[in-house]
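Have a look at final-v6.pdb below; it lists PDB, C-alpha atoms, pLDDT in the B column.
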```pdb
ATOM      1  CA  MET G 808     -46.717  -9.664  28.640  1.00 46.00           C
ATOM      2  CA  GLU G 809     -45.387  -9.882  32.166  1.00 56.00           C
ATOM      3  CA  GLU G 810     -41.829  -8.788  32.886  1.00 66.00           C
ATOM      4  CA  GLN G 811     -39.566 -11.655  33.870  1.00 75.00           C
ATOM      5  CA  ASP G 812     -37.244 -11.138  36.793  1.00 89.00           C
ATOM      6  CA  SER G 813     -33.507 -11.424  36.286  1.00 89.00           C
ATOM      7  CA  GLY G 814     -33.409 -14.849  37.960  1.00 90.00           C
ATOM      8  CA  GLU G 815     -35.893 -16.260  35.453  1.00 92.00           C
ATOM      9  CA  LEU G 816     -34.040 -14.691  32.547  1.00 91.00           C
ATOM     10  CA  LEU G 817     -30.736 -16.079  33.784  1.00 92.00           C
ATOM     11  CA  ARG G 818     -32.250 -19.569  34.058  1.00 94.00           C
ATOM     12  CA  GLU G 819     -33.571 -19.221  30.515  1.00 93.00           C
ATOM     13  CA  TYR G 820     -30.168 -18.064  29.245  1.00 92.00           C
ATOM     14  CA  ASN G 821     -28.404 -20.922  31.060  1.00 93.00           C
ATOM     15  CA  GLY G 822     -30.925 -23.343  29.552  1.00 95.00           C
ATOM     16  CA  LEU G 823     -30.152 -22.028  26.071  1.00 94.00           C
ATOM     17  CA  TYR G 824     -26.430 -22.331  26.731  1.00 92.00           C
ATOM     18  CA  GLN G 825     -26.927 -25.912  27.971  1.00 95.00           C
ATOM     19  CA  SER G 826     -29.016 -26.728  24.892  1.00 96.00           C
ATOM     20  CA  TYR G 827     -26.202 -25.499  22.644  1.00 93.00           C
ATOM     21  CA  ASP G 828     -23.729 -27.599  24.620  1.00 93.00           C
ATOM     22  CA  ASP G 829     -26.025 -30.653  24.354  1.00 96.00           C
ATOM     23  CA  ILE G 830     -26.302 -30.236  20.577  1.00 96.00           C
ATOM     24  CA  CYS G 831     -22.501 -30.037  20.262  1.00 94.00           C
ATOM     25  CA  HIS G 832     -22.197 -33.147  22.436  1.00 96.00           C
ATOM     26  CA  ASP G 833     -24.679 -35.021  20.228  1.00 97.00           C
ATOM     27  CA  ILE G 834     -22.828 -33.966  17.062  1.00 97.00           C
ATOM     28  CA  ALA G 835     -19.514 -35.212  18.472  1.00 97.00           C
ATOM     29  CA  LEU G 836     -21.065 -38.535  19.460  1.00 97.00           C
ATOM     30  CA  ALA G 837     -22.689 -38.879  16.025  1.00 96.00           C
ATOM     31  CA  ALA G 838     -19.214 -38.352  14.547  1.00 96.00           C
ATOM     32  CA  GLY G 839     -17.989 -41.234  16.719  1.00 96.00           C
ATOM     33  CA  MET G 840     -15.789 -39.086  18.959  1.00 96.00           C
ATOM     34  CA  SER G 841     -15.600 -37.639  22.405  1.00 96.00           C
ATOM     35  CA  VAL G 842     -16.474 -33.969  22.655  1.00 95.00           C
ATOM     36  CA  THR G 843     -12.845 -33.134  23.423  1.00 96.00           C
ATOM     37  CA  ALA G 844     -11.473 -35.071  20.434  1.00 97.00           C
ATOM     38  CA  PHE G 845     -14.071 -33.395  18.227  1.00 97.00           C
ATOM     39  CA  GLN G 846     -13.089 -29.955  19.569  1.00 95.00           C
ATOM     40  CA  ILE G 847      -9.418 -30.627  18.851  1.00 96.00           C
ATOM     41  CA  LEU G 848     -10.081 -31.683  15.258  1.00 97.00           C
ATOM     42  CA  TYR G 849     -12.497 -28.770  14.810  1.00 95.00           C
ATOM     43  CA  TYR G 850      -9.832 -26.344  16.027  1.00 94.00           C
ATOM     44  CA  LEU G 851      -7.183 -27.841  13.733  1.00 95.00           C
ATOM     45  CA  LEU G 852      -9.487 -27.580  10.716  1.00 93.00           C
ATOM     46  CA  GLU G 853     -10.389 -24.000  11.526  1.00 92.00           C
ATOM     47  CA  ASN G 854      -6.901 -22.787  12.449  1.00 90.00           C
ATOM     48  CA  GLY G 855      -4.512 -25.103  10.663  1.00 88.00           C
ATOM     49  CA  ASP G 856      -1.884 -27.564  11.790  1.00 87.00           C
ATOM     50  CA  GLY G 857       0.874 -26.703  14.173  1.00 90.00           C
ATOM     51  CA  CYS G 858      -0.981 -25.201  17.098  1.00 90.00           C
ATOM     52  CA  LEU G 859      -0.037 -25.793  20.704  1.00 91.00           C
ATOM     53  CA  GLN G 860      -2.029 -27.548  23.398  1.00 90.00           C
ATOM     54  CA  ARG G 861      -2.478 -24.251  25.244  1.00 90.00           C
ATOM     55  CA  ASP G 862      -4.093 -22.740  22.117  1.00 92.00           C
ATOM     56  CA  ILE G 863      -6.752 -25.443  22.157  1.00 91.00           C
ATOM     57  CA  CYS G 864      -7.255 -25.120  25.925  1.00 90.00           C
ATOM     58  CA  ALA G 865      -7.764 -21.374  25.578  1.00 90.00           C
ATOM     59  CA  ILE G 866     -10.299 -21.540  22.759  1.00 89.00           C
ATOM     60  CA  THR G 867     -12.278 -24.490  24.146  1.00 87.00           C
ATOM     61  CA  TYR G 868     -12.078 -23.525  27.834  1.00 86.00           C
ATOM     62  CA  THR G 869     -11.050 -27.089  28.572  1.00 90.00           C
ATOM     63  CA  SER G 870      -8.459 -28.087  31.152  1.00 92.00           C
ATOM     64  CA  LYS G 871      -4.883 -28.884  30.131  1.00 92.00           C
ATOM     65  CA  GLN G 872      -5.216 -32.384  31.529  1.00 94.00           C
ATOM     66  CA  THR G 873      -8.367 -33.147  29.503  1.00 95.00           C
ATOM     67  CA  ILE G 874      -6.883 -31.793  26.262  1.00 94.00           C
ATOM     68  CA  HIS G 875      -3.566 -33.555  26.899  1.00 93.00           C
ATOM     69  CA  SER G 876      -5.296 -36.916  27.452  1.00 96.00           C
ATOM     70  CA  ALA G 877      -7.371 -36.519  24.287  1.00 96.00           C
ATOM     71  CA  ILE G 878      -4.304 -35.533  22.261  1.00 95.00           C
ATOM     72  CA  GLN G 879      -2.452 -38.625  23.509  1.00 96.00           C
ATOM     73  CA  ARG G 880      -5.402 -40.873  22.561  1.00 97.00           C
ATOM     74  CA  LEU G 881      -5.640 -39.271  19.108  1.00 97.00           C
ATOM     75  CA  ARG G 882      -1.891 -39.680  18.667  1.00 97.00           C
ATOM     76  CA  ASP G 883      -2.090 -43.343  19.683  1.00 97.00           C
ATOM     77  CA  GLN G 884      -4.899 -43.810  17.114  1.00 97.00           C
ATOM     78  CA  GLY G 885      -2.742 -42.291  14.367  1.00 97.00           C
ATOM     79  CA  ILE G 886      -4.966 -39.207  14.015  1.00 97.00           C
ATOM     80  CA  LEU G 887      -2.431 -36.663  15.303  1.00 97.00           C
ATOM     81  CA  CYS G 888       1.307 -36.382  15.490  1.00 95.00           C
ATOM     82  CA  LEU G 889       3.373 -34.060  17.661  1.00 94.00           C
ATOM     83  CA  ARG G 890       6.411 -32.174  16.424  1.00 92.00           C
ATOM     84  CA  PRO G 891       8.860 -30.310  18.647  1.00 89.00           C
ATOM     85  CA  GLY G 892       8.952 -26.534  18.608  1.00 83.00           C
ATOM     86  CA  LYS G 893      10.775 -23.976  20.733  1.00 86.00           C
ATOM     87  CA  GLY G 894      11.700 -25.172  24.192  1.00 83.00           C
ATOM     88  CA  ARG G 895       9.288 -27.808  25.407  1.00 83.00           C
ATOM     89  CA  ASN G 896       6.533 -26.796  22.986  1.00 85.00           C
ATOM     90  CA  MET G 897       5.036 -29.586  20.924  1.00 87.00           C
ATOM     91  CA  HIS G 898       3.083 -28.611  17.818  1.00 93.00           C
ATOM     92  CA  ILE G 899      -0.026 -30.621  16.999  1.00 95.00           C
ATOM     93  CA  HIS G 900      -0.523 -31.827  13.430  1.00 96.00           C
ATOM     94  CA  LEU G 901      -3.103 -33.980  11.707  1.00 97.00           C
ATOM     95  CA  THR G 902      -1.794 -37.134  10.075  1.00 97.00           C
ATOM     96  CA  GLU G 903      -3.195 -38.078   6.661  1.00 97.00           C
ATOM     97  CA  ALA G 904      -5.691 -40.354   8.449  1.00 97.00           C
ATOM     98  CA  GLY G 905      -6.520 -37.443  10.749  1.00 97.00           C
ATOM     99  CA  ARG G 906      -7.116 -35.090   7.820  1.00 96.00           C
ATOM    100  CA  GLN G 907      -9.455 -37.625   6.234  1.00 97.00           C
ATOM    101  CA  LEU G 908     -11.342 -38.185   9.499  1.00 97.00           C
ATOM    102  CA  ALA G 909     -11.657 -34.441  10.086  1.00 97.00           C
ATOM    103  CA  ARG G 910     -12.906 -33.845   6.522  1.00 96.00           C
ATOM    104  CA  GLU G 911     -15.461 -36.657   6.789  1.00 97.00           C
ATOM    105  CA  ARG G 912     -16.741 -36.148  10.332  1.00 97.00           C
ATOM    106  CA  VAL G 913     -15.918 -32.631  11.529  1.00 97.00           C
ATOM    107  CA  LEU G 914     -16.084 -30.495   8.392  1.00 97.00           C
ATOM    108  CA  PRO G 915     -19.811 -31.258   7.876  1.00 97.00           C
ATOM    109  CA  ALA G 916     -20.498 -29.967  11.398  1.00 96.00           C
ATOM    110  CA  ILE G 917     -18.511 -26.792  10.680  1.00 96.00           C
ATOM    111  CA  ARG G 918     -20.544 -26.291   7.513  1.00 97.00           C
ATOM    112  CA  LEU G 919     -23.762 -26.935   9.457  1.00 96.00           C
ATOM    113  CA  GLU G 920     -22.838 -24.224  11.954  1.00 94.00           C
ATOM    114  CA  GLN G 921     -21.928 -21.831   9.159  1.00 96.00           C
ATOM    115  CA  ALA G 922     -25.282 -22.459   7.462  1.00 97.00           C
ATOM    116  CA  VAL G 923     -27.145 -21.755  10.691  1.00 96.00           C
ATOM    117  CA  PHE G 924     -25.223 -18.516  11.218  1.00 94.00           C
ATOM    118  CA  GLU G 925     -25.861 -17.516   7.599  1.00 96.00           C
ATOM    119  CA  ALA G 926     -29.608 -18.077   8.161  1.00 98.00           C
ATOM    120  CA  LEU G 927     -29.504 -15.062  10.467  1.00 97.00           C
ATOM    121  CA  THR G 928     -29.605 -11.627   8.895  1.00 97.00           C
ATOM    122  CA  PRO G 929     -26.330  -9.691   9.041  1.00 96.00           C
ATOM    123  CA  GLU G 930     -27.938  -7.445  11.668  1.00 97.00           C
ATOM    124  CA  GLU G 931     -28.987 -10.443  13.775  1.00 97.00           C
ATOM    125  CA  SER G 932     -25.494 -11.920  13.519  1.00 95.00           C
ATOM    126  CA  ARG G 933     -23.890  -8.681  14.663  1.00 96.00           C
ATOM    127  CA  GLU G 934     -26.431  -8.271  17.491  1.00 97.00           C
ATOM    128  CA  LEU G 935     -25.870 -11.839  18.676  1.00 96.00           C
ATOM    129  CA  LEU G 936     -22.116 -11.262  18.758  1.00 96.00           C
ATOM    130  CA  ARG G 937     -22.464  -7.844  20.387  1.00 97.00           C
ATOM    131  CA  LEU G 938     -24.756  -8.995  23.178  1.00 96.00           C
ATOM    132  CA  THR G 939     -22.874 -12.247  23.800  1.00 94.00           C
ATOM    133  CA  GLY G 940     -19.601 -10.310  23.951  1.00 95.00           C
ATOM    134  CA  LYS G 941     -21.082  -7.749  26.321  1.00 97.00           C
ATOM    135  CA  TYR G 942     -22.495 -10.458  28.580  1.00 94.00           C
ATOM    136  CA  LEU G 943     -19.162 -12.306  28.677  1.00 93.00           C
ATOM    137  CA  ASP G 944     -17.181  -9.125  29.376  1.00 94.00           C
ATOM    138  CA  LEU G 945     -19.451  -8.252  32.316  1.00 96.00           C
ATOM    139  CA  PHE G 946     -19.444 -11.849  33.552  1.00 94.00           C
ATOM    140  CA  ARG G 947     -15.632 -11.999  33.335  1.00 93.00           C
ATOM    141  CA  GLN G 948     -15.301  -8.779  35.355  1.00 96.00           C
ATOM    142  CA  LYS G 949     -17.673  -9.980  38.061  1.00 96.00           C
ATOM    143  CA  ALA G 950     -16.092 -13.443  38.119  1.00 94.00           C
ATOM    144  CA  GLU G 951     -12.589 -11.982  38.519  1.00 95.00           C
ATOM    145  CA  GLN G 952     -13.832  -9.831  41.388  1.00 95.00           C
ATOM    146  CA  TYR G 953     -15.472 -12.852  43.012  1.00 94.00           C
ATOM    147  CA  ILE G 954     -12.362 -14.995  42.556  1.00 95.00           C
ATOM    148  CA  ASN G 955     -10.086 -12.321  44.014  1.00 94.00           C
ATOM    149  CA  GLU G 956     -12.361 -11.873  47.036  1.00 93.00           C
ATOM    150  CA  ALA G 957     -12.580 -15.641  47.545  1.00 93.00           C
ATOM    151  CA  LYS G 958      -8.799 -15.944  47.491  1.00 92.00           C
ATOM    152  CA  GLN G 959      -8.430 -13.206  50.102  1.00 92.00           C
ATOM    153  CA  GLY G 960     -10.990 -14.454  52.517  1.00 79.00           C
TER     154      GLY G 960
END
```
Reformat the file's structure so that it appears as structure tokens.
Amino acid sequence: MEEQDSGELLREYNGLYQSYDDICHDIALAAGMSVTAFQILYYLLENGDGCLQRDICAITYTSKQTIHSAIQRLRDQGILCLRPGKGRNMHIHLTEAGRQLARERVLPAIRLEQAVFEALTPEESRELLRLTGKYLDLFRQKAEQYINEAKQG
């Protein structure tokens, strides 16, 4: 088998990443939600009520503005409510209707993902996490260097 160059491998990796993103998009649409709304409900199911907007932004790598708009829409639909915390912090909570929606539409997707991960051997799971973590660490370092250089020049 011929060795692929790094450019080809990167394109293949980016294609896999895009495929994963497309599948998540399709799941959200099948659940009758935007991707962002789905991510918010997913996060709340996984981590519990009471998180902050910045928590969701950090885990989903989505802009504050996008998350804020989705939270406002979900609040207006009676899916979420906001409760004050320290300072200007507002904690995000599912309403009863939100809990039901999340159980019916988001929990099956969480279980689907868990089943797929469990289909891997424990060694494969660890290797996937190890290599993905290593790639992201190296990418983060190079990206920070690039960003710093771009800001200076």
Could you state which residues are captured by the PyMOL selection byres ((chain G and resi 857-871) around 8) in this file, as an mmCIF file with C-alpha atoms, in the frame of the given file?
```cif
data_model
loop_
_atom_site.group_PDB
_atom_site.id
_atom_site.type_symbol
_atom_site.label_atom_id
_atom_site.label_comp_id
_atom_site.auth_asym_id
_atom_site.auth_seq_id
_atom_site.Cartn_x
_atom_site.Cartn_y
_atom_site.Cartn_z
ATOM 1 C CA GLN G 846 -13.089 -29.955 19.569
ATOM 2 C CA ILE G 847 -9.418 -30.627 18.851
ATOM 3 C CA TYR G 850 -9.832 -26.344 16.027
ATOM 4 C CA LEU G 851 -7.183 -27.841 13.733
ATOM 5 C CA ASN G 854 -6.901 -22.787 12.449
ATOM 6 C CA GLY G 855 -4.512 -25.103 10.663
ATOM 7 C CA ASP G 856 -1.884 -27.564 11.790
ATOM 8 C CA GLN G 872 -5.216 -32.384 31.529
ATOM 9 C CA THR G 873 -8.367 -33.147 29.503
ATOM 10 C CA ILE G 874 -6.883 -31.793 26.262
ATOM 11 C CA HIS G 875 -3.566 -33.555 26.899
ATOM 12 C CA ASN G 896 6.533 -26.796 22.986
ATOM 13 C CA MET G 897 5.036 -29.586 20.924
ATOM 14 C CA HIS G 898 3.083 -28.611 17.818
ATOM 15 C CA ILE G 899 -0.026 -30.621 16.999
ATOM 16 C CA HIS G 900 -0.523 -31.827 13.430
#
```
Quiz prompt | Spatial neighbours of Gln879 in chain G, max dist 10 Å, only C-alpha atoms, sep filter under 6 positions, as number ranges by chain | solution = G: 885-889
Quiz item: Can you list, as a PyMOL selection string, the residues that the PyMOL selection byres ((chain G and resi 902-919) around 9) selects here?
Solution: chain G and resi 834-835+837-839+845-846+848-849+851-853+881-882+885-888+900-901+920-924
Write the residues you've just listed into a file as an mmCIF file, in the coordinates of the input, and include C-alpha atoms for each of them.
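Okay, this is what ended up in out_4.cif:
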```cif
data_model
loop_
_atom_site.group_PDB
_atom_site.id
_atom_site.type_symbol
_atom_site.label_atom_id
_atom_site.label_comp_id
_atom_site.auth_asym_id
_atom_site.auth_seq_id
_atom_site.Cartn_x
_atom_site.Cartn_y
_atom_site.Cartn_z
ATOM 1 C CA ILE G 834 -22.828 -33.966 17.062
ATOM 2 C CA ALA G 835 -19.514 -35.212 18.472
ATOM 3 C CA ALA G 837 -22.689 -38.879 16.025
ATOM 4 C CA ALA G 838 -19.214 -38.352 14.547
ATOM 5 C CA GLY G 839 -17.989 -41.234 16.719
ATOM 6 C CA PHE G 845 -14.071 -33.395 18.227
ATOM 7 C CA GLN G 846 -13.089 -29.955 19.569
ATOM 8 C CA LEU G 848 -10.081 -31.683 15.258
ATOM 9 C CA TYR G 849 -12.497 -28.770 14.810
ATOM 10 C CA LEU G 851 -7.183 -27.841 13.733
ATOM 11 C CA LEU G 852 -9.487 -27.580 10.716
ATOM 12 C CA GLU G 853 -10.389 -24.000 11.526
ATOM 13 C CA LEU G 881 -5.640 -39.271 19.108
ATOM 14 C CA ARG G 882 -1.891 -39.680 18.667
ATOM 15 C CA GLY G 885 -2.742 -42.291 14.367
ATOM 16 C CA ILE G 886 -4.966 -39.207 14.015
ATOM 17 C CA LEU G 887 -2.431 -36.663 15.303
ATOM 18 C CA CYS G 888 1.307 -36.382 15.490
ATOM 19 C CA HIS G 900 -0.523 -31.827 13.430
ATOM 20 C CA LEU G 901 -3.103 -33.980 11.707
ATOM 21 C CA GLU G 920 -22.838 -24.224 11.954
ATOM 22 C CA GLN G 921 -21.928 -21.831 9.159
ATOM 23 C CA ALA G 922 -25.282 -22.459 7.462
ATOM 24 C CA VAL G 923 -27.145 -21.755 10.691
ATOM 25 C CA PHE G 924 -25.223 -18.516 11.218
#
```
Quiz item: By how many Å are CA of Lys949 in chain G and CA of Leu816 in chain G apart?
Solution: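 According to the coordinates, CA of Lys949 in chain G and CA of Leu816 in chain G are separated by 17.9 Å.
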Set up a box along x, y and z of the file covering all listed atoms of range 914-923 of chain G, add 5 Å on every one of the six sides, and write the centre and edge lengths in Å to one decimal, as lines of an AutoDock Vina configuration file.
```
center_x = -21.6
center_y = -26.5
center_z = 9.7
size_x = 21.1
size_y = 19.5
size_z = 14.5
```
Exercise. Go ahead and compute the interatomic distance for CA of Thr939 in chain G and CA of Leu823 in chain G, in Å to one decimal.
Key: 12.4 Å
Practice problem: Please measure the separation of CA of Val842 in chain G and CA of Arg890 in chain G, giving the value in Å to one decimal. | Solution: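 Atom-to-atom, CA of Val842 in chain G and CA of Arg890 in chain G are spaced 23.8 Å apart.
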